[in-house]
Amino acid sequence: MSTDATTGLAAERHQRIRDLLRGQRVARVDELSEVLKVSPATIRRDLEELERHGVLQRVHGGAVASEGTPEEPLFDDKTSIAASEKEAIAEAALPFLGPRDTIYLDGGSTVLALARRLQCFPQLTVVTNSLRVAHAFSGTGPRVILAGGELRRLSQTFVGPLSRHVLASTNFAVAFVGTVGLSFADGLTTTDPAEAFTKELAIAHAQRVVLLSDSAKFGKTSLARFATASDLDVLITDRRAPAAELAQFRNADVQVIAV
């Protein structure tokens with residue numbers, strides 16, 4: 001089995017463990033092993049990984065949910081969920097940037113897929129709050145400016161008021177952003193107010209805003225809203241996105257691309 005497939009299976013297990021703990025708050029290793037059809041040793045490794053990220057606390061024979069367990073998946077898990085859709089969305093985003101532009105890339109996993117396509121744009125300037133995006137250009141590629149702020153480990157981003165020092169003094173041709181939740185009625189939402197603050201600030205300083213979102217985000221509403229349909233110029237998603245929702249965005253003069 002390939003490394004990508006193995007990673008994807010781990011991401012699916014992590015999400016199912018999170019779902020179980022959200023419902024019943026406690027789970028035993030033998031129970032999880034039976035439900036997920038993997039060995040107890042594999043479950044113990046999964047629990048160890050999830051504990052490192054604050055999702056749960058291991059106890060003898062199992063785990064209990066941490067207080068305030070986040071709805072947002074771990075970043076490494078997010079990159080494995082709907083991976084092919086995210087790659088197609090990232091490819092469709094390329095025509096919206098020029099080779100000499102100054103652009104903003106936020107910390108979304110689909111935005112990271114776009115970043116990996118930009119290493120052949122040395123005259124591009126990328127401003128980002130994402131550790132993963134910055135690392136993608138650590139060897140070659142565009143000029144990189146990293147926005148400051150408090151490190152949010154779950155999303156691997158710098159967020160909060162300190163990011164204002166860079167973002168408020170920079171103008172972007174395009175801001176490429178991701179989201180945790182998306183609906184026409186409730187707008188674009190994320191789990192963390194500090195993350196929402198930084199996203200909103202970047203959007204406010206962009207001539208054009210392009211949202212990269214796979215269809216699984218539709219119909220979800222998270223804690224903090226950072227944008228509405230009126231803030232968007234382009235929405236790029238996949239063909240599984242609900243047609244009624246896409247129609248509402250189109251009626252609000254958002255260019256919608258479903259790949």
# chains A, B, ... in the order shown; residues from 1 in each chain; ligands from 1

call {"tool": "residues_around", "arguments": {"residues": "Ile257 in chain A", "least_positions_apart": "5", "cutoff": "10 Å", "atoms": "only C-alpha atoms", "output": "NGL selection string"}}
result
:A and (89 or 92-93 or 212 or 234-239 or 246 or 250)

call {"tool": "write_last_selection", "arguments": {"atoms": "C-alpha atoms", "output": "PDB file, in the first residue's frame"}}
result
ATOM      1  CA  ILE A  89      -9.325  22.871  -7.182  1.00  0.00           C
ATOM      2  CA  ALA A  92      -8.148  25.563 -11.358  1.00  0.00           C
ATOM      3  CA  ALA A  93      -6.911  28.454  -9.209  1.00  0.00           C
ATOM      4  CA  LEU A 212     -10.787  27.256  -2.441  1.00  0.00           C
ATOM      5  CA  VAL A 234     -14.428  33.573  -7.035  1.00  0.00           C
ATOM      6  CA  LEU A 235     -15.455  30.257  -5.469  1.00  0.00           C
ATOM      7  CA  ILE A 236     -13.660  27.144  -6.721  1.00  0.00           C
ATOM      8  CA  THR A 237     -15.063  23.834  -5.539  1.00  0.00           C
ATOM      9  CA  ASP A 238     -15.739  20.332  -6.832  1.00  0.00           C
ATOM     10  CA  ARG A 239     -18.721  18.922  -8.696  1.00  0.00           C
ATOM     11  CA  LEU A 246     -23.842  27.345  -5.882  1.00  0.00           C
ATOM     12  CA  ARG A 250     -23.737  32.956  -8.551  1.00  0.00           C
TER      13      ARG A 250
END

call {"tool": "residues_around", "arguments": {"residues": "range 119-132 of chain A", "least_positions_apart": "5", "cutoff": "8 Å", "atoms": "only C-alpha atoms", "output": "number ranges by chain"}}
result
A: 98-107, 112, 137, 140-148, 156-159

call {"tool": "select_by_dssp", "arguments": {"residues": "range 14-164 of chain A", "states": "strand (DSSP E)", "output": "list in words"}}
result
Val26, Ala27, Arg28, Leu56, Gln57, Arg58, Val59, Gly62, Ala63, Val64, Ala65, Thr102, Ile103, Tyr104, Leu105, Thr125, Val126, Val127, Thr128, Arg143, Val144, Ile145, Leu146, Glu150, Leu151, Arg152, Thr157, Phe158 and Val159 of chain A

call {"tool": "residues_around", "arguments": {"residues": "Ala247 in chain A", "least_positions_apart": "4", "cutoff": "12 Å", "atoms": "only C-alpha atoms", "output": "list in words"}}
result
Ser183, Phe184, Ala229, Leu235, Ala241, Pro242, Ala243, Asn251, Ala252, Asp253, Val254, Gln255, Val256, Ile257 and Ala258 of chain A

call {"tool": "write_last_selection", "arguments": {"atoms": "C-alpha atoms", "output": "PDB file, in the first residue's frame"}}
result
ATOM      1  CA  SER A 183     -22.961  28.280   3.442  1.00  0.00           C
ATOM      2  CA  PHE A 184     -24.561  31.190   1.644  1.00  0.00           C
ATOM      3  CA  ALA A 229     -20.633  35.949  -0.143  1.00  0.00           C
ATOM      4  CA  LEU A 235     -15.455  30.257  -5.469  1.00  0.00           C
ATOM      5  CA  ALA A 241     -21.077  20.826  -4.185  1.00  0.00           C
ATOM      6  CA  PRO A 242     -24.852  21.378  -3.727  1.00  0.00           C
ATOM      7  CA  ALA A 243     -26.335  23.014  -6.814  1.00  0.00           C
ATOM      8  CA  ASN A 251     -26.744  35.189  -7.966  1.00  0.00           C
ATOM      9  CA  ALA A 252     -24.570  37.227  -5.601  1.00  0.00           C
ATOM     10  CA  ASP A 253     -22.120  37.874  -8.490  1.00  0.00           C
ATOM     11  CA  VAL A 254     -19.558  35.340  -7.308  1.00  0.00           C
ATOM     12  CA  GLN A 255     -17.830  33.494 -10.130  1.00  0.00           C
ATOM     13  CA  VAL A 256     -18.320  29.797  -9.363  1.00  0.00           C
ATOM     14  CA  ILE A 257     -16.088  27.083 -10.796  1.00  0.00           C
ATOM     15  CA  ALA A 258     -16.877  23.428 -10.057  1.00  0.00           C
TER      16      ALA A 258
END

call {"tool": "select_by_dssp", "arguments": {"residues": "range 128-189 of chain A", "states": "alpha helix (DSSP H)", "output": "list in words"}}
result
Leu131, Arg132, Val133, Ala134, His135, Ala136, Arg164, His165, Val166 and Leu167 of chain A

call {"tool": "write_last_selection", "arguments": {"atoms": "C-alpha atoms", "output": "tab-separated table (two decimals), in the first residue's frame"}}
result
chain	number	residue	atom	x	y	z
A	131	LEU	CA	4.13	27.49	8.30
A	132	ARG	CA	3.38	24.76	5.75
A	133	VAL	CA	3.18	27.20	2.86
A	134	ALA	CA	6.43	28.90	3.91
A	135	HIS	CA	8.13	25.52	4.14
A	136	ALA	CA	6.94	24.63	0.63
A	164	ARG	CA	-1.94	43.16	11.68
A	165	HIS	CA	1.59	44.57	11.50
A	166	VAL	CA	2.25	42.81	8.18
A	167	LEU	CA	-1.22	42.37	6.69

call {"tool": "residues_around", "arguments": {"residues": "Leu32 in chain A", "least_positions_apart": "4", "cutoff": "12 Å", "atoms": "only C-alpha atoms", "output": "PyMOL selection string"}}
result
chain A and resi 13-14+16-21+26-28+36-44+46-47+61-63

call {"tool": "write_last_selection", "arguments": {"atoms": "C-alpha atoms", "output": "PDB file, in the first residue's frame"}}
result
ATOM      1  CA  ARG A  13      -9.634   6.623  11.542  1.00  0.00           C
ATOM      2  CA  HIS A  14      -8.750   9.833  13.363  1.00  0.00           C
ATOM      3  CA  ARG A  16     -14.076   8.471  13.239  1.00  0.00           C
ATOM      4  CA  ILE A  17     -12.427   8.422  16.667  1.00  0.00           C
ATOM      5  CA  ARG A  18     -13.178  12.128  17.030  1.00  0.00           C
ATOM      6  CA  ASP A  19     -16.800  11.530  16.001  1.00  0.00           C
ATOM      7  CA  LEU A  20     -17.193   8.727  18.530  1.00  0.00           C
ATOM      8  CA  LEU A  21     -15.711  10.792  21.333  1.00  0.00           C
ATOM      9  CA  VAL A  26     -15.164   8.032  26.248  1.00  0.00           C
ATOM     10  CA  ALA A  27     -14.000   5.048  24.177  1.00  0.00           C
ATOM     11  CA  ARG A  28     -12.084   1.873  24.918  1.00  0.00           C
ATOM     12  CA  LEU A  36     -12.487   0.393  12.915  1.00  0.00           C
ATOM     13  CA  LYS A  37     -11.296  -3.115  12.020  1.00  0.00           C
ATOM     14  CA  VAL A  38      -7.660  -2.516  12.975  1.00  0.00           C
ATOM     15  CA  SER A  39      -5.389  -3.902  15.676  1.00  0.00           C
ATOM     16  CA  PRO A  40      -5.319  -2.522  19.235  1.00  0.00           C
ATOM     17  CA  ALA A  41      -1.696  -1.473  18.593  1.00  0.00           C
ATOM     18  CA  THR A  42      -2.826   0.691  15.669  1.00  0.00           C
ATOM     19  CA  ILE A  43      -5.551   2.256  17.841  1.00  0.00           C
ATOM     20  CA  ARG A  44      -3.031   3.030  20.578  1.00  0.00           C
ATOM     21  CA  ASP A  46      -3.834   6.778  16.795  1.00  0.00           C
ATOM     22  CA  LEU A  47      -4.748   7.787  20.347  1.00  0.00           C
ATOM     23  CA  GLY A  61      -7.718   0.958  28.368  1.00  0.00           C
ATOM     24  CA  GLY A  62      -8.908   3.837  26.194  1.00  0.00           C
ATOM     25  CA  ALA A  63      -9.400   7.601  25.937  1.00  0.00           C
TER      26      ALA A  63
END
